[in-house]
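**Q** Following this message is one structure expressed as structure tokens.
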Protein chains: 2
Amino acid sequence: MVKIELESLKRFCKDALVQEGMQVEYAQIVAEVLSETDAYGTYSHGTKNLYNYIKKARAGGLDLHGKPEIIAEGPAFAVYDANKTMGMISSYIAMQKAVEKAKVSGIALVGVKNSCHFGAAGYYANMAAKEGMIGLCMSNVDPNMTAPGARGMLLGNNPIAYAAPSSTVPSVFLDIALSNAASLKVVQARKDGRQIPDNWIVDKDGLPTTDPSRYPEEGAMQPMAAHKGYSLSIMVDLLTGILTGGATSMSGDIVSWCFEMEKPNNVCHTFIAVNPVLFNGKDSISDDVENMAGILRNAPRAKGADRIFTPGEIEWNHYQTAVEEGLTIPEDVAAPLKDLAQDLGIVFPIMEQGGN
Amino acid sequence: MVKIELESLKRFCKDALVQEGMQVEYAQIVAEVLSETDAYGTYSHGTKNLYNYIKKARAGGLDLHGKPEIIAEGPAFAVYDANKTMGMISSYIAMQKAVEKAKVSGIALVGVKNSCHFGAAGYYANMAAKEGMIGLCMSNVDPNMTAPGARGMLLGNNPIAYAAPSSTVPSVFLDIALSNAASLKVVQARKDGRQIPDNWIVDKDGLPTTDPSRYPEEGAMQPMAAHKGYSLSIMVDLLTGILTGGATSMSGDIVSWCFEMEKPNNVCHTFIAVNPVLFNGKDSISDDVENMAGILRNAPRAKGADRIFTPGEIEWNHYQTAVEEGLTIPEDVAAPLKDLAQDLGIVFPIMEQGGN
């Protein structure tokens, strides 16, 4: 475990990417997205992956020197071809574009195709919330999930995120994948030799199992709430791959970004911004969202429950600590960052080094 | 059980509403939405409720003579005040408006507030699919669901629907509520004296129970996939009640449309149309959607599974039979229609009468 200042972490990520040849403006975007994701506590999708992205670029699976370009545009929409660039770049630009258009049009949707893993969907949804808007974000991913009645990895557990501005906690926001559990949790249970709930994965026959030992070689994730998660995942493929004319998670054209380093990941993303003040004539929805969240937080509790959280509260608590006291980074995140620093001959600027 | 022609059912519903005082154009819309919903096999949300809507109007809880009116409008959005009219009227008009705007803008969102139960969300999503677009539809509803850590009915199991055009089956479409199970299934298990799975409802202490006997007097529905369904339900309230400046499902301002007949239901709906041809330059996405659906249908099957369905396939099979052979209406749907016919002194035009 190491402790590091948020701004130092951003600077380190930016410097690493610039040294690797990325233009400064883009390096700043990637550094911002990955470091802020760590600040929310979503370490699995933050700076932990930076070295892997760089290795992927070296292997030819993404282009550190490319540029996303607009290939279609209208009053309330746009489509970018990411041209194999890092997912954070096109995603950041796309949500900026959606917010800009929604200021006039009320709602805007900007799609991205031929992209790579974009990190955490919640970051982009929050970009809209910071502008007083409701933000939505989704992406397809490589197939890792089964369908009711199927066996094997058939479609992605395609993530969905949303955010809306709120008065005290900065936003109500959610970032989920559409499987019942994250595959990392299955892999961890396998390492620990623990059984898992029978709705996390199916075995090679497509039947529910409590044994994590054959995943991911065999079997697949189970969609959340069975046919509901399966069908919502198809909705994401419709609004990303089909809409932009890019790849769908079922097509065979999307491969794992981190296991097939030399191949383009080929995912598609969609960013939607909705500008509430045009709809309801108010100055802001922050107070209305806060009131709604307050009703939920103050509702009667279940026996034994300490409290009721609203979506994003835990992440914002983590964020505040990160800003005030610095980030406490787990070893599996710190290790690849240290390796990257050594590889590039730059300093990884930690505040203090703790135990594991 | 009775058998009736789809067109006869539509005519009957229209005539009943006109006789009750509704203007013909609106009566046609309501008749169309409810009858087509029966044709999809979604009998719980179709003509079964017509007599109840009329009773609600007589009790003062909705206005059969009112008119939805636009209260905000821009390039890619609009908001209607439903003015306590039947939900199908404002919903139909709103999705028409969204489709019309999306032809130029690429995406459009039309919201409705101060509305009443709109039937099945899937109908409106399919309106967009019939125009070659991707349709999305959601509504908040009266609180019937708990939240993780809470007890009691705290928020709605707010439905979400989507549809996209497809080449063989007319659309890929989904219409779900965000609880793990429909409350009707709990009530049925209670009647049958059966236990239920422990993720359907919580008891009065907010704890999972397999005993349906105290619902709905005590306890509440469980959100699908725990915090994921809970948080998606909040998303629906953001995009309906908060966005339009109407009521949220947590506010106490939305009451059951059918148990509190004299009070306005007060729900809000949202309709989104996305026009894919502007995004991807193709003539249509029907073939792409069909290809995607084909991959899913033809995937390797789980041990013991007969086939893999894509969303909406079962409903479209039912629809085809209904159009070709007439609708086979269950007794709990036929009974209130017969009562309504008797009440109004009009004929309920059945083809044949079967057993129960």
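Letters A, B, ... go to the chains of the structure tokens in the order shown; residues in each chain start at 1; ligands are counted from 1 in the same order.
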With 6 Å as the limit and counting only C-alpha atoms, what residues in chain B lie close to chain A? Please list them as JSON, numbers by chain.

**A** {"B": [75, 76, 77, 105, 106, 149, 150, 151, 205, 206, 224, 225, 243, 244, 245, 276, 279, 280, 300, 301, 302, 303, 305, 308]}

**Q** Can you pull out the residues contacting stretch 23-37 of chain A? Cut-off 6 Å, using only C-alpha atoms, and skip same-chain residues under 6 positions away; I want them as a ChimeraX atom specification.

**A** /A:10,13-14,17,46-47,88

**Q** Give the answer as one residue: which of A:Glu69, A:Asp253, A:Glu20, A:Glu260 has the shortest atom-to-atom distance to A:Ile54, using only C-alpha atoms?

**A**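 The answer is A:Glu20, which sits nearest to A:Ile54.
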
**Q** Considering only C-alpha atoms, can you say which of B:Leu184, B:Met221, B:Ala273, B:Val169 comes closest to B:Ala98?

**A**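 Looking only at the distances to B:Ala98, the closest residue turns out to be B:Ala273.
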
**Q** Based on the backbone DSSP call, show me all residues of stretch 187-316 of chain B assigned strand (DSSP E or B), as a CSV table (one decimal) with N, CA and C atoms, in the first residue's frame.

**A**
```
chain,number,residue,atom,x,y,z
B,201,ILE,N,-39.7,-10.7,-2.2
B,201,ILE,CA,-40.2,-9.6,-1.3
B,201,ILE,C,-39.4,-9.6,0.0
B,202,VAL,N,-39.5,-8.5,0.7
B,202,VAL,CA,-39.1,-8.5,2.1
B,202,VAL,C,-40.3,-8.4,3.0
B,208,PRO,N,-35.6,-10.6,3.8
B,208,PRO,CA,-36.1,-11.5,2.7
B,208,PRO,C,-37.0,-12.6,3.4
B,209,THR,N,-38.1,-12.9,2.7
B,209,THR,CA,-39.0,-13.9,3.2
B,209,THR,C,-39.5,-14.8,2.0
B,220,ALA,N,-42.5,-5.4,1.1
B,220,ALA,CA,-42.3,-4.7,-0.2
B,220,ALA,C,-41.6,-5.6,-1.2
B,221,MET,N,-41.7,-5.2,-2.5
B,221,MET,CA,-40.9,-6.0,-3.5
B,221,MET,C,-39.4,-5.7,-3.3
B,223,PRO,N,-35.8,-5.0,-5.2
B,223,PRO,CA,-35.3,-4.6,-6.5
B,223,PRO,C,-34.5,-5.7,-7.2
B,267,VAL,N,-48.2,10.0,-12.1
B,267,VAL,CA,-47.0,9.5,-12.6
B,267,VAL,C,-46.4,10.3,-13.7
B,268,CYS,N,-45.1,10.1,-14.0
B,268,CYS,CA,-44.4,10.8,-15.1
B,268,CYS,C,-43.8,9.8,-16.0
B,269,HIS,N,-43.8,10.1,-17.3
B,269,HIS,CA,-43.2,9.1,-18.3
B,269,HIS,C,-42.2,9.9,-19.1
B,270,THR,N,-41.3,9.1,-19.7
B,270,THR,CA,-40.3,9.6,-20.6
B,270,THR,C,-40.2,8.7,-21.9
B,271,PHE,N,-40.1,9.4,-23.0
B,271,PHE,CA,-40.0,8.7,-24.3
B,271,PHE,C,-38.8,9.2,-25.1
B,272,ILE,N,-38.0,8.3,-25.5
B,272,ILE,CA,-36.8,8.7,-26.3
B,272,ILE,C,-36.8,7.9,-27.6
B,273,ALA,N,-36.6,8.7,-28.7
B,273,ALA,CA,-36.4,8.1,-30.0
B,273,ALA,C,-35.0,8.4,-30.5
B,274,VAL,N,-34.3,7.4,-31.0
B,274,VAL,CA,-33.0,7.6,-31.6
B,274,VAL,C,-33.1,7.1,-33.1
B,301,ARG,N,-26.5,-24.2,-26.8
B,301,ARG,CA,-27.5,-24.2,-25.8
B,301,ARG,C,-27.0,-24.8,-24.5
```
